[in-house]
Structures are given as C-alpha cells and as structure tokens.
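S.K.: The structure file coords_17.txt (compact mmCIF, C-alpha atoms) is provided below.
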```txt
# COMPACT_ATOMS: atom_id res chain seq x y z
CA MET H 1 183.60 119.62 133.63
CA PRO H 2 184.52 122.75 135.70
CA ALA H 3 181.42 124.56 134.35
CA LEU H 4 179.23 121.59 135.23
CA PHE H 5 180.73 121.45 138.70
CA THR H 6 180.08 125.17 139.16
CA ASN H 7 176.45 124.84 138.09
CA LEU H 8 175.90 121.91 140.42
CA SER H 9 177.46 123.85 143.26
CA LYS H 10 175.15 126.80 142.63
CA LEU H 11 172.15 124.49 142.64
CA LEU H 12 173.26 122.93 145.91
CA LEU H 13 173.69 126.33 147.55
CA PHE H 14 170.26 127.40 146.27
CA VAL H 15 168.60 124.38 147.88
CA VAL H 16 170.39 124.99 151.18
CA ALA H 17 169.34 128.63 151.21
CA LEU H 18 165.80 127.71 150.26
CA ALA H 19 165.37 125.14 152.97
CA GLY H 20 167.16 126.91 155.78
CA PHE H 21 168.53 123.51 156.86
CA SER H 22 171.63 121.47 156.24
CA ILE H 23 171.03 118.91 153.50
CA ARG H 24 170.43 115.40 154.74
CA ALA H 25 168.96 112.34 153.12
CA SER H 26 165.66 111.78 154.91
CA SER H 27 162.23 110.47 154.00
CA ALA H 28 160.87 112.87 156.62
CA GLY H 29 161.68 115.96 154.59
CA PRO H 30 162.82 118.98 156.60
CA TRP H 31 161.28 117.82 159.91
CA ASP H 32 163.41 116.57 162.81
CA LEU H 33 161.45 113.52 163.91
CA VAL H 34 163.82 112.76 166.79
CA SER H 35 162.60 115.96 168.45
CA LEU H 36 159.00 115.75 167.28
CA TYR H 37 158.57 112.19 168.55
CA LYS H 38 159.35 113.37 172.08
CA VAL H 39 156.46 114.30 174.38
CA PRO H 40 156.23 118.11 174.34
CA VAL H 41 156.08 120.26 177.44
CA TRP H 42 152.39 120.81 178.17
CA GLU H 43 149.95 122.13 180.72
CA GLU H 44 146.22 122.21 181.27
CA THR H 45 144.38 125.49 180.84
CA ALA H 46 140.93 126.64 181.92
CA LYS H 47 140.62 129.01 178.97
CA ALA H 48 137.95 128.00 176.46
CA ALA H 49 136.90 125.26 178.89
CA LYS H 50 134.29 122.74 177.75
CA PRO H 51 132.49 120.18 179.94
CA GLY H 52 134.10 116.74 179.91
CA ILE H 53 137.04 117.83 177.75
CA LYS H 54 140.48 119.11 178.72
CA GLY H 55 142.01 122.25 177.28
CA VAL H 56 145.78 121.98 176.98
CA LEU H 57 148.69 124.11 175.81
CA TYR H 58 151.74 122.30 174.46
CA ASP H 59 155.08 123.62 173.26
CA SER H 60 156.05 123.45 169.59
CA ILE H 61 159.03 124.58 167.51
CA GLN H 62 160.12 128.11 168.29
CA VAL H 63 159.70 130.93 165.79
CA ASN H 64 162.54 133.46 165.64
CA GLY H 65 163.70 132.21 169.04
CA ASP H 66 160.30 132.82 170.64
CA ARG H 67 158.31 130.18 172.49
CA VAL H 68 155.27 128.74 170.70
CA GLN H 69 152.35 127.12 172.52
CA VAL H 70 149.54 125.30 170.75
CA PHE H 71 146.04 125.15 172.22
CA ALA H 72 144.18 121.83 171.90
CA TYR H 73 141.13 120.01 173.19
CA TYR H 74 141.64 116.44 174.41
CA GLY H 75 138.94 114.00 175.41
CA VAL H 76 138.32 110.30 176.02
CA PRO H 77 135.14 108.21 175.84
CA GLU H 78 132.98 107.73 178.90
CA GLY H 79 133.19 104.44 180.72
CA GLU H 80 135.93 102.07 181.78
CA THR H 81 139.17 102.30 179.86
CA PRO H 82 139.72 99.11 177.83
CA GLN H 83 142.78 96.98 178.39
CA GLY H 84 145.69 98.65 176.62
CA GLY H 85 143.89 101.99 176.41
CA TRP H 86 141.54 103.70 173.98
CA PRO H 87 142.43 104.00 170.30
CA ALA H 88 143.11 107.65 169.48
CA VAL H 89 142.83 110.13 166.63
CA VAL H 90 144.60 113.39 165.81
CA CYS H 91 142.13 115.85 164.20
CA VAL H 92 143.65 118.44 161.86
CA HIS H 93 141.43 121.44 161.07
CA GLY H 94 141.08 123.27 157.78
CA GLY H 95 141.09 126.92 156.74
CA GLY H 96 139.22 129.14 159.17
CA GLY H 97 139.17 126.29 161.66
CA THR H 98 140.46 125.90 165.17
CA ALA H 99 140.45 123.35 167.98
CA PHE H 100 136.94 121.84 167.82
CA ASP H 101 135.46 120.35 170.98
CA GLU H 102 132.57 118.87 168.96
CA TRP H 103 135.05 117.01 166.73
CA VAL H 104 136.70 115.53 169.80
CA LYS H 105 133.31 114.53 171.21
CA LYS H 106 132.31 112.98 167.89
CA TRP H 107 135.28 110.64 168.07
CA ASN H 108 134.74 110.06 171.80
CA ASP H 109 131.16 108.94 171.06
CA HIS H 110 132.60 106.39 168.62
CA GLY H 111 135.00 104.97 171.20
CA TYR H 112 138.17 106.97 170.52
CA ALA H 113 140.30 109.38 172.46
CA ALA H 114 140.92 112.46 170.33
CA ILE H 115 142.92 115.66 170.20
CA SER H 116 141.99 118.71 168.11
CA MET H 117 144.44 121.61 168.03
CA ASP H 118 144.51 125.15 166.67
CA LEU H 119 147.38 125.37 164.17
CA GLU H 120 147.39 129.16 163.88
CA GLY H 121 148.09 130.24 167.45
CA HIS H 122 144.54 130.86 168.67
CA TYR H 123 142.16 129.87 171.38
CA PRO H 124 138.84 128.75 169.85
CA MET H 125 137.18 131.79 171.46
CA ARG H 126 136.38 134.94 169.48
CA GLU H 127 136.74 138.54 170.60
CA THR H 128 132.97 139.01 170.31
CA GLU H 129 130.02 136.72 169.66
CA ASP H 130 130.07 137.73 165.99
CA ARG H 131 131.45 134.70 164.12
CA ARG H 132 133.35 137.12 161.85
CA SER H 133 135.19 138.51 164.86
CA PRO H 134 138.88 137.55 165.15
CA ARG H 135 139.83 134.67 167.41
CA ILE H 136 141.83 135.40 170.55
CA PRO H 137 145.54 134.54 170.13
CA THR H 138 147.36 132.47 172.70
CA GLU H 139 150.09 134.12 174.75
CA ASN H 140 152.72 132.45 172.53
CA PRO H 141 150.97 132.10 169.17
CA GLY H 142 153.56 131.34 166.50
CA LEU H 143 152.67 131.67 162.81
CA ARG H 144 149.43 132.07 160.89
CA ARG H 145 148.68 130.73 157.43
CA LEU H 146 149.25 133.22 154.61
CA GLY H 147 146.90 132.34 151.76
CA ILE H 148 147.87 129.31 149.70
CA PHE H 149 151.58 128.81 150.47
CA LYS H 150 152.10 132.52 149.84
CA ASN H 151 155.21 132.66 152.03
CA TYR H 152 156.90 130.02 149.86
CA ASP H 153 159.92 132.31 149.39
CA ASP H 154 160.75 132.37 153.12
CA PRO H 155 163.18 129.86 154.64
CA ILE H 156 161.34 126.57 155.11
CA GLY H 157 161.64 126.77 158.90
CA LYS H 158 159.72 130.05 158.87
CA GLN H 159 156.79 128.86 156.79
CA TRP H 160 153.41 128.10 158.36
CA TYR H 161 152.96 124.72 156.69
CA TYR H 162 156.24 123.46 158.13
CA HIS H 163 155.09 124.43 161.63
CA ALA H 164 151.55 123.08 161.14
CA VAL H 165 152.93 119.65 160.26
CA ALA H 166 155.27 119.78 163.26
CA GLN H 167 152.47 120.84 165.61
CA SER H 168 150.32 117.96 164.39
CA ILE H 169 153.11 115.42 164.91
CA LEU H 170 153.71 116.82 168.40
CA ALA H 171 149.99 116.47 169.14
CA HIS H 172 150.36 112.81 168.18
CA SER H 173 153.34 112.44 170.52
CA LEU H 174 151.33 114.10 173.27
CA ILE H 175 148.17 112.00 172.96
CA ARG H 176 150.22 108.80 172.74
CA SER H 177 151.70 109.65 176.14
CA PHE H 178 148.40 109.87 177.97
CA PRO H 179 147.72 106.87 180.24
CA LYS H 180 144.24 106.14 178.86
CA VAL H 181 145.46 105.94 175.24
CA ASN H 182 146.76 102.92 173.37
CA PRO H 183 149.80 104.32 171.52
CA ASP H 184 149.73 101.43 169.06
CA LYS H 185 146.23 102.25 167.82
CA THR H 186 146.29 105.80 166.53
CA GLY H 187 145.12 107.51 163.37
CA VAL H 188 145.04 110.95 161.81
CA THR H 189 142.26 112.75 159.96
CA GLY H 190 142.02 116.25 158.54
CA ILE H 191 139.48 118.37 156.72
CA SER H 192 140.20 120.67 153.73
CA TRP H 193 143.59 122.28 154.48
CA GLY H 194 143.68 119.69 157.26
CA GLY H 195 143.25 116.97 154.62
CA THR H 196 146.20 118.42 152.74
CA LEU H 197 148.22 118.44 155.96
CA THR H 198 147.10 114.88 156.71
CA SER H 199 148.33 113.82 153.27
CA THR H 200 151.77 115.10 154.27
CA ILE H 201 151.73 114.02 157.92
CA MET H 202 150.89 110.39 157.19
CA GLY H 203 153.99 110.12 155.00
CA VAL H 204 156.25 111.75 157.58
CA ASP H 205 155.03 110.33 160.92
CA ASP H 206 155.23 106.53 160.65
CA ARG H 207 153.50 105.81 163.98
CA PHE H 208 149.91 106.01 162.70
CA GLN H 209 147.84 102.94 161.85
CA PHE H 210 145.37 104.70 159.54
CA ALA H 211 144.77 108.06 157.88
CA ILE H 212 141.63 109.79 156.59
CA PRO H 213 142.14 112.90 154.43
CA VAL H 214 138.84 114.70 153.77
CA TYR H 215 138.72 116.95 150.68
CA GLY H 216 142.40 117.88 150.91
CA CYS H 217 144.94 115.63 149.20
CA GLY H 218 148.22 115.77 147.29
CA PHE H 219 149.23 116.67 143.75
CA LEU H 220 147.75 120.13 144.24
CA ALA H 221 149.88 121.77 141.57
CA ASP H 222 148.41 119.39 138.97
CA SER H 223 144.81 120.27 139.81
CA ASP H 224 142.33 122.82 138.48
CA GLY H 225 140.84 123.59 141.89
CA ASN H 226 141.37 126.84 143.78
CA GLN H 227 144.42 125.46 145.56
CA GLY H 228 146.13 124.22 142.41
CA LEU H 229 145.38 127.30 140.33
CA ALA H 230 146.88 129.50 143.04
CA ILE H 231 150.25 127.75 142.97
CA LYS H 232 152.08 129.61 140.25
CA PRO H 233 154.53 127.77 137.99
CA GLY H 234 158.23 127.98 138.74
CA ARG H 235 159.79 128.26 142.16
CA TYR H 236 156.36 128.59 143.85
CA THR H 237 155.34 125.15 142.58
CA GLU H 238 158.80 123.66 143.16
CA VAL H 239 158.84 124.63 146.85
CA VAL H 240 155.37 123.18 147.44
CA ASN H 241 156.12 119.96 145.59
CA GLN H 242 159.53 119.40 147.13
CA PHE H 243 158.77 120.09 150.78
CA PHE H 244 155.04 120.17 151.52
CA ASP H 245 152.71 118.45 149.05
CA GLY H 246 151.75 114.96 150.16
CA SER H 247 153.04 113.54 146.87
CA ALA H 248 156.60 114.07 148.15
CA TYR H 249 155.96 111.50 150.90
CA PHE H 250 153.29 109.11 149.56
CA GLU H 251 155.87 106.42 148.90
CA ASN H 252 156.29 106.16 152.69
CA VAL H 253 152.59 105.51 153.34
CA LYS H 254 152.03 101.79 153.99
CA ILE H 255 148.96 102.16 156.24
CA PRO H 256 145.30 101.94 155.11
CA THR H 257 143.81 105.24 153.97
CA LEU H 258 140.27 106.48 153.37
CA TRP H 259 139.86 109.36 150.91
CA VAL H 260 136.67 111.41 151.25
CA ASN H 261 135.62 114.07 148.73
CA GLY H 262 132.70 115.45 146.76
CA THR H 263 132.14 115.42 143.03
CA ASN H 264 132.33 119.20 142.73
CA ASP H 265 134.73 120.36 145.40
CA LYS H 266 136.08 123.70 144.21
CA HIS H 267 139.32 123.40 146.16
CA PHE H 268 140.30 119.75 145.67
CA PRO H 269 139.05 118.13 142.43
CA MET H 270 138.45 114.40 142.16
CA PRO H 271 141.46 113.56 139.94
CA SER H 272 143.87 114.86 142.60
CA THR H 273 142.18 112.67 145.22
CA GLN H 274 142.40 109.66 142.93
CA GLN H 275 146.01 110.37 141.99
CA SER H 276 146.86 110.58 145.69
CA ALA H 277 145.07 107.33 146.52
CA ARG H 278 146.96 105.57 143.75
CA ALA H 279 150.33 106.93 144.89
CA VAL H 280 150.28 105.64 148.47
CA GLN H 281 151.59 102.13 149.11
CA GLY H 282 148.90 100.87 151.48
CA PRO H 283 145.30 99.76 150.80
CA THR H 284 142.94 102.58 149.86
CA THR H 285 139.21 103.18 150.08
CA MET H 286 137.33 105.98 148.29
CA ARG H 287 134.17 107.84 149.20
CA TYR H 288 132.94 110.31 146.59
CA GLU H 289 129.70 112.03 147.55
CA LEU H 290 127.50 113.69 144.96
CA ARG H 291 127.90 117.46 145.38
CA MET H 292 129.20 117.09 148.95
CA ARG H 293 129.24 120.40 150.80
CA HIS H 294 132.64 121.75 151.85
CA GLY H 295 133.13 122.43 155.54
CA HIS H 296 134.17 121.05 158.88
CA GLY H 297 130.72 119.79 159.84
CA PRO H 298 130.09 117.99 156.54
CA GLY H 299 133.68 116.78 156.67
CA TRP H 300 133.40 114.91 159.96
CA ALA H 301 129.77 113.81 159.53
CA PRO H 302 130.12 110.66 157.32
CA GLU H 303 129.74 107.50 159.39
CA GLU H 304 132.04 105.72 156.95
CA ILE H 305 134.95 107.60 158.58
CA TYR H 306 134.38 105.96 161.95
CA ALA H 307 133.56 102.54 160.51
CA PHE H 308 136.80 102.65 158.54
CA ALA H 309 138.79 103.45 161.69
CA ASP H 310 137.00 100.63 163.53
CA SER H 311 137.96 98.19 160.80
CA ILE H 312 141.65 98.98 161.36
CA VAL H 313 142.05 99.26 165.14
CA ARG H 314 138.86 97.82 166.67
CA ASP H 315 138.21 94.65 164.67
CA GLY H 316 135.21 96.26 162.98
CA THR H 317 133.65 95.08 159.74
CA PRO H 318 135.58 96.52 156.78
CA LEU H 319 134.02 98.83 154.23
CA THR H 320 133.39 97.56 150.71
CA ARG H 321 136.53 97.38 148.55
CA PHE H 322 136.48 97.97 144.78
CA GLU H 323 138.65 96.80 141.94
CA VAL H 324 139.37 99.24 139.08
CA PRO H 325 136.24 99.90 136.96
CA GLU H 326 136.25 98.72 133.35
CA LEU H 327 134.47 99.83 130.19
CA ASP H 328 133.71 97.93 126.98
CA GLY H 329 131.65 99.76 124.43
CA ASP H 330 128.73 101.31 126.27
CA ARG H 331 128.88 98.87 129.20
CA ALA H 332 130.83 99.63 132.38
CA TRP H 333 131.37 97.37 135.37
CA VAL H 334 133.43 96.96 138.50
CA ASP H 335 134.13 94.02 140.81
CA PHE H 336 134.09 94.41 144.57
CA GLU H 337 134.36 92.51 147.81
CA SER H 338 132.34 93.24 150.91
CA ALA H 339 132.10 91.67 154.36
CA ALA H 340 128.65 93.23 154.78
CA LYS H 341 125.73 92.68 152.42
CA VAL H 342 125.55 95.27 149.66
CA THR H 343 121.99 96.57 149.40
CA GLY H 344 122.26 99.46 146.92
CA VAL H 345 124.40 100.29 143.90
CA ASN H 346 124.53 103.33 141.65
CA VAL H 347 126.51 104.78 138.78
CA TYR H 348 127.44 108.45 138.62
CA PHE H 349 128.47 110.18 135.42
CA THR H 350 129.09 113.54 133.82
CA ARG H 351 128.76 114.51 130.20
CA ASP H 352 130.97 117.56 130.71
CA ALA H 353 134.63 118.32 130.11
CA GLY H 354 136.64 121.30 131.30
CA LEU H 355 137.19 122.38 134.91
CA TRP H 356 136.37 119.54 137.28
CA PRO H 357 134.60 121.61 139.96
CA GLU H 358 132.17 122.94 137.33
CA ARG H 359 131.08 119.62 135.83
CA GLU H 360 127.46 118.56 136.24
CA TRP H 361 127.10 115.06 137.65
CA GLU H 362 124.11 112.75 137.31
CA GLU H 363 123.06 109.64 139.23
CA ALA H 364 121.43 106.47 137.90
CA PRO H 365 120.68 102.98 139.27
CA ALA H 366 123.18 100.25 138.46
CA SER H 367 122.82 96.46 138.32
CA LEU H 368 124.18 94.10 140.96
CA SER H 369 125.11 90.54 140.11
CA GLY H 370 127.14 88.63 142.66
CA SER H 371 130.25 90.69 143.30
CA THR H 372 129.94 92.81 140.15
CA ILE H 373 128.21 96.14 139.60
CA SER H 374 127.43 97.19 136.05
CA ALA H 375 125.57 99.86 134.10
CA ALA H 376 124.95 101.01 130.56
CA MET H 377 126.97 104.15 129.95
CA PRO H 378 124.68 107.04 128.96
CA GLU H 379 125.30 108.71 125.64
CA GLY H 380 127.78 111.55 125.88
CA ALA H 381 129.22 110.51 129.25
CA THR H 382 132.86 111.50 129.73
CA VAL H 383 133.58 110.23 133.25
CA TYR H 384 131.88 107.75 135.57
CA TYR H 385 132.20 105.91 138.86
CA PHE H 386 130.19 103.41 140.90
CA SER H 387 129.02 103.39 144.50
CA ALA H 388 127.92 100.59 146.80
CA THR H 389 125.89 100.97 149.99
CA ASP H 390 125.89 98.10 152.47
CA GLU H 391 123.28 96.94 154.96
CA ARG H 392 124.70 99.33 157.56
CA GLY H 393 123.94 102.27 155.28
CA LEU H 394 127.63 102.88 154.61
CA MET H 395 128.55 104.03 151.10
CA VAL H 396 131.89 103.86 149.33
CA SER H 397 132.93 104.46 145.74
CA SER H 398 135.05 103.06 142.98
CA GLU H 399 137.73 105.06 141.25
CA ILE H 400 136.55 107.34 138.49
CA GLY H 401 136.82 105.96 134.98
CA LEU H 402 137.21 107.86 131.73
CA VAL H 403 135.03 107.21 128.71
CA GLU H 404 137.24 107.18 125.62
```
Before anything else, please render the file you have as structure tokens.
M.R.:
Amino acid sequence: MPALFTNLSKLLLFVVALAGFSIRASSAGPWDLVSLYKVPVWEETAKAAKPGIKGVLYDSIQVNGDRVQVFAYYGVPEGETPQGGWPAVVCVHGGGGTAFDEWVKKWNDHGYAAISMDLEGHYPMRETEDRRSPRIPTENPGLRRLGIFKNYDDPIGKQWYYHAVAQSILAHSLIRSFPKVNPDKTGVTGISWGGTLTSTIMGVDDRFQFAIPVYGCGFLADSDGNQGLAIKPGRYTEVVNQFFDGSAYFENVKIPTLWVNGTNDKHFPMPSTQQSARAVQGPTTMRYELRMRHGHGPGWAPEEIYAFADSIVRDGTPLTRFEVPELDGDRAWVDFESAAKVTGVNVYFTRDAGLWPEREWEEAPASLSGSTISAAMPEGATVYYFSATDERGLMVSSEIGLVE
C-alpha cells in the first residue's frame, strides 16, 4: 500500500506540474469560465479599418504578466435591429488566418452580427503588399501558434491553444454585450485549426445555441491526417487529448452541430469528423463534399452553413436529416427526413484502403423512394455514403458506411 500511495502521489504531482494549475473537478478543463464569461476591457481602433465594420481591441489572459490585446472585426446587418437583437456568430480562423472582414460581412449579409478575431496577436494588415509578408503585430500581441501543439511540454497556461480558446470565449462574451445582439441566439464556427478550436470551445462555453466546425474536429490523435500524424505517441498525445482535443469535452455538447468536410482533406480525415459527430450529445448534421478544397474561402462558402444556423435561431427550414446507412449484400440504403423537397440523391464510394486523404472517391446516381435513398454497391467498394440535395440547392450527407 505505501508503494501504491507513493506512485499515486507522483502521478498527482506530475499532473499539477503539467497543467500549471491547481487540480479541480471541472467540465471546463483548465479554463476559468467565471473570468472568461465577463465582458473584457475593449476599445475601438482605426487600424485596419474597413467600411461598415468596427475594428476593436479587447483584453485577454495575460502572458508572463504582460497585457494581451486581441484585434477583431465586428459588424451587424444593415437595417432596423429586430426585437431582441440580431443573432450572432463567433468566427474562429484557421492556420495562416486572421480577423477576416469578409467573413463578418458574409454573416451580416445572412442576417447575423459577427465577430472575427486574430488569435495570434496580429492586425490583419501585412508589412508589405506581398501576401507572404509577415502580418503586423498588435502592441500587446500574446502568443503565436507553434506548429501542431509543439509547445505541449510547456505549462498549460503558457500554450497557444489554451489562450486561443480563452480569446474565443472572451470574443463571445464581448459580442453578447453589444446592444444590437441577442445574447440568447449565438453560435460559433471555425475553419481548419478554427474547426479544431470550435470542437473544443463548444464543449467548454455552454452559452452557444449551435456550432459549425469546418474541416477541423476532434480525435486528432486517432487520425491519419497531417494533424494526427504529427502528434507523437506518449506525453505529446496525452497532453493534447487531456486538455485540448474536442473529444475531452464532447460529452458537454448538447446543442445542434453541423460538421463540414471534404472527402480528401489532408489535415482532417472523414473518420475523425464522423467520430466527433457521434461523440457529441446533441443532434448532428453532416456535409461531406467531394474533394472539397481546404481554405478559409471554401470553408465559409457553403450556403448550408447559414441555412443550418437559420434553422436553429431564426425559425428557418431545417436541413435534411439522415439515419445511419445500412448495407445488405450489394445493396445499400439510408432513411431520411426533410422539411424541404429532396430533388437529387447520390452515392459516393471508394474502392481504396490505406490513408484516408489519398483515397480516390467516385460519384454515382442513387434511387429515391419516399424517404429512402438506395444504390447498388459497386464491386470492390470499401466505403460509401449518400447525399441529398433539396429544392433550395442545399446538400447534406449521411455518415460513411463500411463495406465488409
């Protein structure tokens, strides 16, 4: 018993040293939500000004005792503010990204207030017009991302991902405080690394009504994409899984989620997206696009994103919802329900095995009968899924199914 006690004590001390925080039972992980739910100190700034959109600087968690200010764009739709305020969205950028005024405007055009912030201490301006030129840091920049969780060995409070989550939650607290925003109708969306952050944020901040991770997801260490392959086994993986990966917080997610990805994304393979969608506790919708390009523009382009948000906070028509696809012999099918008329159905399949990003996918017409989509499974197929496009031109997908 003394030896066991000693070993347990060593483990406890290791966790304390690793986290840099006192141990406490909390579904919020290492983040202090009492502080993050408060409206941060903020000010308007004329730097990187854009017509019709405000540039703001807001305070975040200090780094090594130094002040940190986050730059963000904030905008609201044109026209009279509806009773109760506009619904609002927090936009979380991916690798190489920044605060995007066009992302804010995209949401504004769809009837939402929006905030898009730079999570690496920059203004969206560059030192020269060359897009490869470094961005200009803010006066109080904080931390930058180091590769793929490469500073995992630092105390948790000194790691970029910890601060990026905190800065996103503070952006939510800030936008909820604005008089033209309805604080009870907010959502979060993120692209690539921003999708990974969104997968974490939505399980930590319980004030959102919907979440839309694009590309990025949870269960990274289990994947064969660039992100997963970079997370080395051992303590590297343990730190990511315990504190940062969305899978540590999915049990908290009761809100509706929309998962958007491509069939061949080299960073975030389809099985990780599906595993994440299955792990959350709220209703899920999938959108797999054949060979979807990876980037911020392609990531905020799908109209399904805005229709999904409308269905949650603006009484919009819901997207099609699928049951789990089934296979019997060479025949596959899936049941669905849709409030809008379904006008097109397809089946997608690959005959390949091996690394998911490298598999070749094919598309074929499927059959529609009532609320069931079916198709003959081509010879040699290893994986398949169905899609349905409704009369609005909005496409969603079933889960992927394995061919035994």
S.K.: I'd like the neighbourhood of Tyr306 of chain H as a PyMOL selection string, where a residue qualifies if any of its atoms comes within 9 Å (using only C-alpha atoms), though same-chain residues fewer than 5 positions away should be ignored.
M.R.: chain H and resi 107+110+311
S.K.: Using only C-alpha atoms and a cutoff of 7 Å, can you tell me which residues are near (142.0, 106.0, 170.9) in the file's coordinates, and write them out as a list in words?
M.R.: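 Neighbouring residues, ordered by chain and number, come to Trp86, Pro87, Ala88, Val89, Tyr112, Ala113, Ala114, Val181, Asn182, Lys185 and Thr186 of chain H.
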S.K.: Report as JSON lines the residues of segment 83-184 of chain H within 12 Å of segment 262-283 of chain H, each with its shortest atom pair and distance in Å (one decimal), using only C-alpha atoms, ordered by chain and increasing residue number.
M.R.:
```
{"residue": "H:Gly94", "atom": "CA", "partner": "H:His267", "partner_atom": "CA", "distance": 11.8}
{"residue": "H:Gly95", "atom": "CA", "partner": "H:His267", "partner_atom": "CA", "distance": 11.3}
{"residue": "H:Ile148", "atom": "CA", "partner": "H:His267", "partner_atom": "CA", "distance": 11.0}
```
S.K.: Any idea what's packed within 12 Å of Glu44 of chain H, counting only C-alpha atoms, ignoring anything in its chain fewer than 3 positions away? Could you give it as a list of chain:residue names?
M.R.: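 Residues meeting the cut-off are H:Val41, H:Lys47, H:Ala48, H:Ala49, H:Ile53, H:Lys54, H:Gly55, H:Val56, H:Leu57, H:Tyr58, H:Gln69, H:Val70, H:Phe71, H:Ala72, H:Tyr73, H:Tyr74.
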S.K.: Which residue gives the smallest distance to Glu358 of chain H among H:Asp390, H:Arg287, H:Val204, H:Asn226, with only C-alpha atoms counted?
M.R.: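 Between H:Asp390, H:Arg287, H:Val204, H:Asn226, the residue approaching Glu358 of chain H most closely is H:Asn226.
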S.K.: If we count all atoms listed in the file, what is near Arg135 of chain H at a cut-off of 12 Å, once residues fewer than 4 positions away on the same chain are taken out, given as a VMD selection string?
M.R.: chain H and resid 48 96 to 99 118 120 to 131 141 144
S.K.: Which is closer to Met202 of chain H than all the others in H:Leu394, H:Leu327, H:Val313, H:Ala28, using all atoms listed in the file?
M.R.: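 Nearest to Met202 of chain H: H:Ala28.
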S.K.: Could you check how far atom CA of Met117 of chain H sits from atom CA of Asp245 of chain H, in Å to one decimal?
M.R.: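 About the pair atom CA of Met117 of chain H and atom CA of Asp245 of chain H: they are 20.9 Å apart.
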S.K.: Which is closest to Asp109 of chain H among H:Gln159, H:Thr389, H:Asp184, H:Glu303, if we use only C-alpha atoms?
M.R.: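 Distance minimum relative to Asp109 of chain H lands on H:Glu303.
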S.K.: Have a look at H:Leu36, H:Ala364, H:Ala376, H:Ala211 and name the one nearest to Ala166 of chain H; count all atoms listed in the file.
M.R.: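 Answer, going by the shortest atom-to-atom distance: H:Leu36.
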S.K.: Please, what distance in Å, to one decimal, runs between atom CA of Glu363 of chain H and atom CA of Arg293 of chain H?
M.R.: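 About the pair atom CA of Glu363 of chain H and atom CA of Arg293 of chain H: they are 17.0 Å apart.
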S.K.: Can you list, as a list in words, every protein, DNA or RNA residue that comes within 10 Å of Pro179 of chain H when you count all atoms listed in the file, leaving out same-chain residues fewer than 4 positions away?
M.R.: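 With the cut-off at 10 Å, the set is Thr81, Gly84, Gly85, Trp86, Ile175 and Pro183 of chain H.
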S.K.: Between H:Ala230, H:Ala381, H:Leu119, H:Val253, which is the closest to Val68 of chain H once you count only C-alpha atoms?
M.R.: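 Among the listed residues, H:Leu119 lies closest to Val68 of chain H.
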S.K.: Quick one, how far is atom CA of Ser199 of chain H from atom CA of Tyr249 of chain H?
M.R.: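 Answer for the atom CA of Ser199 of chain H to atom CA of Tyr249 of chain H separation: 8.3 Å.
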S.K.: Taking only C-alpha atoms into account, name the residue in H:Val188, H:Val324, H:Leu174, H:Ile61 that is nearest to Leu143 of chain H.
M.R.: H:Ile61
